[in-house]
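*Asks:* My questions all concern the structure below.
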Amino acid sequence: MTDRLREYRRRRDAARTPEPVPQGPPSAGPDAARFVIQQHHARSLHWDLRLEHDGVLASWAVPRGLPRDPGRNHLAVHTEDHPMEYLDFAGEIPAGEYGGGRMLIHDRGTYHCEKWRDDEVIVTLAGDRTAGRYVLFATGGRDWMIRRTDPAPPGWTTMPDLVRPMHATPAAGLPRDSAAWGYELRWDGVRAMAYVSGGRLRLLSETDEDITGGYQWLRAMAEALAPTEAVLDGVLVRIDGAGRVRPVRPSTGSRVPADAQYLIVDLLWLEGVSSVDVPYAQRRELLDGLALAGAHWQTPPWFPGAGDEALRAGQEQGLPGVVAKRLDSVYEPGRRSRRWLGIDAV
């Protein structure tokens with residue numbers, strides 16, 4: 001009988017990795033049709049889908065994760081079979097070892113198998129976070145594709161390809177009905193819309209130009225957010241040790257300017273749900289709930305109903321002013337609206 005774990009053992013040294021490394025071939029026994037999806041922070045972030053089959057875990061590495069939109073294909077690289085013990089494995093594979101990096105359990109559950117051939121597998125997954133009918137099909141060599149074939153969950157919307165930024169109307173002073181507004185500090189920087197999906201980043205300027213390559217240091221934000229998918233509105237700046245703020249210019253390569261920051265000020269789409277029609281106060285609650293904070297990205301505070309305080313804080317930091325946003329204002333893509341006001345510091 002063929003030892004289906006021979007390739008798995010060949011790639012691993014049991015003395016150097018915390019992964020389970022059985023000494024012999026897998027034991028025969030009835031399948032319980034279990035699956036696990038592991039989030040693998042290796043050389044590049046990906047998700048590993050493993051399906052119990054014939055005493056082992058048939059495995060695919062999926063760089064962008066399982067698609068949640070029906071009809072969308074994602075690459076799935078067929079890898080070596082894994083032992084059943086991998087259903088429960090999470091941990092740090094040492095650097096330099098095969099698959100080195102952090103492994104987390106993203107989801108697990110059971111599945112119903114509709115078809116299993118050497119070049120096509122159709123299953124319906126029932127996990128804590130993942131549910132749906134998926135087809136895996138070979139496209140050549142180790143490359144397969146995975147596609148969701150049943151309808152998306154009720155209310156699900158596809159991530160938009162383009163949401164143009166909303167702009168504030170210049171105003172001479174703070175609004176009189178100050179309690180009806182929220183206030184943000186105004187930053188002198190590069191306005192940028194961030195599209196985060198499958199741990200990958202697409203960054204567009206306010207003129208719809210793809211500027212991802214000029215700010216490669218921000219890709220770490222997308223990986224840190226994974227598996228969350230979102231569309232964010234923010235400003236790229238540099239904040240030096242003295243607190244001075246200026247725009248951060250695009251650069252080639254992955255070198256990170258030490259004082260570079262992406263300041264996230266709005267949330268336009270999250271996990272299949274558009275929020276452009278949600279009032280500003282609720283959008284900010286959703287955004288704050290994501291707790292987006294890292295070495296080079298953060299969500300600055302906002303000041304509900306406290307225009308004087310916000311303006312004073314901006315003046316103390318030498319910022320150009322504040323943006324007042326009505327608490328009940330929706331996001332109007334591509335428009336300059338009087339429901340947002342730009343007030344200069346004096």
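Residues in the structure tokens are numbered from 1 in each chain, the chains being A, B, ... in the order shown, and ligands are numbered from 1 in the order shown.
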Output as a ChimeraX atom specification all residues of region 198-241 of chain A that backbone DSSP marks as strand (DSSP E).

*Replies:* /A:200-205,230-239

*Asks:* Leaving out Ala61 (chain A) and any residue of its chain fewer than 4 positions from it, which residues lie within 9 Å of it when counting only C-alpha atoms, given as a ChimeraX atom specification?

*Replies:* /A:46-50,65,75-79

*Asks:* Using only C-alpha atoms, determine which residues lie at most 12 Å from Ala242 (chain A), disregarding the query and same-chain residues fewer than 4 positions distant; provide the list as a PyMOL selection string.

*Replies:* chain A and resi 238+246+259+316-318

*Asks:* Could you turn the residues from that selection into a file that holds C-alpha atoms, as an mmCIF file, in the first residue's frame?

*Replies:*
```cif
data_model
loop_
_atom_site.group_PDB
_atom_site.id
_atom_site.type_symbol
_atom_site.label_atom_id
_atom_site.label_comp_id
_atom_site.auth_asym_id
_atom_site.auth_seq_id
_atom_site.Cartn_x
_atom_site.Cartn_y
_atom_site.Cartn_z
ATOM 1 C CA ARG A 238 4.907 61.422 7.955
ATOM 2 C CA ARG A 246 3.843 66.313 6.153
ATOM 3 C CA ASP A 259 7.814 58.066 10.603
ATOM 4 C CA GLU A 316 -1.429 72.600 19.376
ATOM 5 C CA GLN A 317 -0.133 70.040 16.850
ATOM 6 C CA GLY A 318 0.374 72.622 14.122
#
```

*Asks:* Report as a list in words all protein, DNA and RNA residues lying within 12 Å of Gly96 (chain A), evaluated on only C-alpha atoms, omitting residues in the same chain fewer than 5 positions from it.

*Replies:* Arg11, Arg12, Asp13, Arg16, Thr17, Ala42, Arg43 and Gly101 of chain A

*Asks:* Would you mind listing what lies within 12 Å of Ile122 (chain A) as a PDB file with C-alpha atoms, in the first residue's frame, with only C-alpha atoms counted and same-chain residues fewer than 2 positions away left out?

*Replies:*
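Output file selection-v6.pdb follows:
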```pdb
ATOM      1  CA  LEU A  51     -10.050  17.792   3.830  1.00  0.00           C
ATOM      2  CA  TYR A 111     -18.072  18.619   5.007  1.00  0.00           C
ATOM      3  CA  HIS A 112     -20.332  16.717   2.648  1.00  0.00           C
ATOM      4  CA  CYS A 113     -18.556  15.297  -0.395  1.00  0.00           C
ATOM      5  CA  GLU A 114     -20.480  15.432  -3.657  1.00  0.00           C
ATOM      6  CA  LYS A 115     -17.638  14.409  -5.970  1.00  0.00           C
ATOM      7  CA  TRP A 116     -13.997  13.349  -5.503  1.00  0.00           C
ATOM      8  CA  ARG A 117     -11.854  12.777  -8.580  1.00  0.00           C
ATOM      9  CA  ASP A 118      -8.163  13.260  -9.214  1.00  0.00           C
ATOM     10  CA  ASP A 119      -8.895  16.519 -11.040  1.00  0.00           C
ATOM     11  CA  GLU A 120     -12.098  17.758  -9.382  1.00  0.00           C
ATOM     12  CA  THR A 124     -20.126  21.586   1.026  1.00  0.00           C
ATOM     13  CA  LEU A 125     -18.340  22.957   4.087  1.00  0.00           C
ATOM     14  CA  GLY A 132     -20.950  26.893   1.431  1.00  0.00           C
ATOM     15  CA  ARG A 133     -20.585  24.669  -1.610  1.00  0.00           C
ATOM     16  CA  TYR A 134     -17.157  24.761  -3.247  1.00  0.00           C
ATOM     17  CA  VAL A 135     -15.611  23.145  -6.284  1.00  0.00           C
ATOM     18  CA  LEU A 136     -11.860  22.562  -6.579  1.00  0.00           C
ATOM     19  CA  PHE A 137     -10.617  21.798 -10.086  1.00  0.00           C
ATOM     20  CA  ALA A 138      -7.159  21.158 -11.527  1.00  0.00           C
ATOM     21  CA  MET A 145      -8.734  26.766  -8.645  1.00  0.00           C
ATOM     22  CA  ILE A 146     -11.415  26.980  -5.968  1.00  0.00           C
ATOM     23  CA  ARG A 147     -14.824  28.475  -6.670  1.00  0.00           C
ATOM     24  CA  ARG A 148     -17.920  29.010  -4.558  1.00  0.00           C
ATOM     25  CA  THR A 149     -21.009  27.762  -6.396  1.00  0.00           C
ATOM     26  CA  ASP A 150     -23.948  28.421  -4.047  1.00  0.00           C
TER      27      ASP A 150
END
```

*Asks:* Determine which residues of region 254-302 of chain A receive a DSSP assignment of alpha helix (DSSP H), computed from the backbone, and state them as an MDAnalysis selection string.

*Replies:* chainID A and resid 280:289

*Asks:* Include N, CA and C atoms and write out the residues we just selected as a tab-separated table (two decimals), in the first residue's frame.

*Replies:*
```tsv
chain	number	residue	atom	x	y	z
A	280	TYR	N	-22.55	58.71	9.73
A	280	TYR	CA	-21.14	58.86	10.09
A	280	TYR	C	-20.83	58.35	11.49
A	281	ALA	N	-21.67	58.68	12.47
A	281	ALA	CA	-21.40	58.27	13.85
A	281	ALA	C	-21.32	56.75	13.95
A	282	GLN	N	-22.18	56.04	13.23
A	282	GLN	CA	-22.16	54.58	13.27
A	282	GLN	C	-20.98	54.02	12.50
A	283	ARG	N	-20.60	54.69	11.39
A	283	ARG	CA	-19.41	54.24	10.66
A	283	ARG	C	-18.17	54.35	11.54
A	284	ARG	N	-18.08	55.43	12.31
A	284	ARG	CA	-16.93	55.59	13.20
A	284	ARG	C	-16.94	54.52	14.29
A	285	GLU	N	-18.10	54.14	14.79
A	285	GLU	CA	-18.17	53.08	15.78
A	285	GLU	C	-17.67	51.76	15.18
A	286	LEU	N	-18.08	51.47	13.95
A	286	LEU	CA	-17.61	50.26	13.28
A	286	LEU	C	-16.11	50.31	13.06
A	287	LEU	N	-15.61	51.47	12.63
A	287	LEU	CA	-14.18	51.62	12.39
A	287	LEU	C	-13.40	51.47	13.68
A	288	ASP	N	-13.84	52.13	14.73
A	288	ASP	CA	-13.13	52.02	16.01
A	288	ASP	C	-13.15	50.58	16.53
A	289	GLY	N	-14.24	49.86	16.23
A	289	GLY	CA	-14.35	48.47	16.67
A	289	GLY	C	-13.32	47.55	16.03
```

*Asks:* In Å, rounded to a single decimal, give me how far CA of Tyr8 (chain A) is from CA of Pro94 (chain A).

*Replies:*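 We find that CA of Pro94 (chain A) and CA of Tyr8 (chain A) lie 16.5 Å from each other.
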
*Asks:* Need to verify the contact set: Pro153 (chain A), 10 Å, only C-alpha atoms, exclusion of same-chain residues closer than 3 positions in sequence. Can you return it as a list in words?

*Replies:*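 Residues meeting the cut-off are Arg68, Asp69, Pro70, Ala131, Gly132, Asp150, Trp156, Thr157 and Gly272 of chain A.
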
*Asks:* Could you tell me how far CA of Arg200 (chain A) lies from CA of Ala222 (chain A), in Å and to one decimal?

*Replies:*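 Taking CA of Arg200 (chain A) and CA of Ala222 (chain A), their separation equals 5.4 Å.
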
*Asks:* Env of Trp181 (chain A): 10 Å cut, atoms = only C-alpha atoms, seq-sep filter 6 positions within chain, self excluded. Answer as a PDB file with N, CA and C atoms, in the first residue's frame.

*Replies:*
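Heads up, here's the output in around03.pdb:
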```pdb
ATOM      1  N   LEU A 174     -16.591  77.001  12.930  1.00  0.00           N
ATOM      2  CA  LEU A 174     -17.308  75.823  13.392  1.00  0.00           C
ATOM      3  C   LEU A 174     -18.805  76.006  13.231  1.00  0.00           C
ATOM      4  N   PRO A 175     -19.545  74.928  12.970  1.00  0.00           N
ATOM      5  CA  PRO A 175     -21.006  75.050  12.861  1.00  0.00           C
ATOM      6  C   PRO A 175     -21.630  75.454  14.192  1.00  0.00           C
ATOM      7  N   TYR A 280     -22.550  58.713   9.727  1.00  0.00           N
ATOM      8  CA  TYR A 280     -21.139  58.859  10.087  1.00  0.00           C
ATOM      9  C   TYR A 280     -20.834  58.347  11.492  1.00  0.00           C
ATOM     10  N   ALA A 281     -21.672  58.682  12.467  1.00  0.00           N
ATOM     11  CA  ALA A 281     -21.398  58.266  13.846  1.00  0.00           C
ATOM     12  C   ALA A 281     -21.320  56.748  13.950  1.00  0.00           C
ATOM     13  N   PHE A 303     -13.875  63.625  17.702  1.00  0.00           N
ATOM     14  CA  PHE A 303     -14.422  64.404  18.806  1.00  0.00           C
ATOM     15  C   PHE A 303     -15.912  64.663  18.559  1.00  0.00           C
ATOM     16  N   PRO A 304     -16.793  63.761  19.001  1.00  0.00           N
ATOM     17  CA  PRO A 304     -18.233  64.006  18.793  1.00  0.00           C
ATOM     18  C   PRO A 304     -18.727  65.193  19.599  1.00  0.00           C
ATOM     19  N   GLY A 305     -19.279  66.178  18.889  1.00  0.00           N
ATOM     20  CA  GLY A 305     -19.879  67.346  19.537  1.00  0.00           C
ATOM     21  C   GLY A 305     -18.901  68.278  20.211  1.00  0.00           C
ATOM     22  N   ALA A 306     -17.602  68.132  19.938  1.00  0.00           N
ATOM     23  CA  ALA A 306     -16.591  68.925  20.660  1.00  0.00           C
ATOM     24  C   ALA A 306     -15.690  69.640  19.669  1.00  0.00           C
ATOM     25  N   GLY A 307     -16.277  70.575  18.913  1.00  0.00           N
ATOM     26  CA  GLY A 307     -15.526  71.287  17.890  1.00  0.00           C
ATOM     27  C   GLY A 307     -14.403  72.139  18.449  1.00  0.00           C
ATOM     28  N   VAL A 323     -11.897  68.813  10.296  1.00  0.00           N
ATOM     29  CA  VAL A 323     -13.027  68.491   9.413  1.00  0.00           C
ATOM     30  C   VAL A 323     -14.224  68.186  10.305  1.00  0.00           C
ATOM     31  N   ALA A 324     -15.304  68.922  10.086  1.00  0.00           N
ATOM     32  CA  ALA A 324     -16.550  68.682  10.815  1.00  0.00           C
ATOM     33  C   ALA A 324     -17.457  67.822   9.945  1.00  0.00           C
ATOM     34  N   LYS A 325     -17.984  66.749  10.517  1.00  0.00           N
ATOM     35  CA  LYS A 325     -18.854  65.844   9.777  1.00  0.00           C
ATOM     36  C   LYS A 325     -20.155  65.671  10.564  1.00  0.00           C
ATOM     37  N   ARG A 326     -21.277  65.929   9.911  1.00  0.00           N
ATOM     38  CA  ARG A 326     -22.553  65.737  10.594  1.00  0.00           C
ATOM     39  C   ARG A 326     -22.669  64.280  11.039  1.00  0.00           C
ATOM     40  N   LEU A 327     -23.132  64.094  12.263  1.00  0.00           N
ATOM     41  CA  LEU A 327     -23.231  62.747  12.805  1.00  0.00           C
ATOM     42  C   LEU A 327     -24.166  61.865  11.996  1.00  0.00           C
ATOM     43  N   ASP A 328     -25.140  62.483  11.322  1.00  0.00           N
ATOM     44  CA  ASP A 328     -26.109  61.702  10.539  1.00  0.00           C
ATOM     45  C   ASP A 328     -25.750  61.653   9.050  1.00  0.00           C
ATOM     46  N   SER A 329     -24.562  62.129   8.674  1.00  0.00           N
ATOM     47  CA  SER A 329     -24.214  62.205   7.251  1.00  0.00           C
ATOM     48  C   SER A 329     -23.810  60.844   6.710  1.00  0.00           C
ATOM     49  N   ARG A 339     -22.319  68.661   4.169  1.00  0.00           N
ATOM     50  CA  ARG A 339     -22.486  67.867   5.391  1.00  0.00           C
ATOM     51  C   ARG A 339     -21.121  67.515   5.994  1.00  0.00           C
ATOM     52  N   TRP A 340     -20.076  67.836   5.261  1.00  0.00           N
ATOM     53  CA  TRP A 340     -18.713  67.830   5.774  1.00  0.00           C
ATOM     54  C   TRP A 340     -18.160  69.233   5.572  1.00  0.00           C
ATOM     55  N   LEU A 341     -17.506  69.784   6.593  1.00  0.00           N
ATOM     56  CA  LEU A 341     -16.964  71.135   6.505  1.00  0.00           C
ATOM     57  C   LEU A 341     -15.491  71.126   6.891  1.00  0.00           C
TER      58      LEU A 341
END
```

*Asks:* Restricting the calculation to only C-alpha atoms: of A:Asp308, A:Asp208, A:Glu80, A:Asp161, which residue gets closest to Leu57 (chain A)?

*Replies:*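 For Leu57 (chain A), the nearest of the given residues is A:Glu80.
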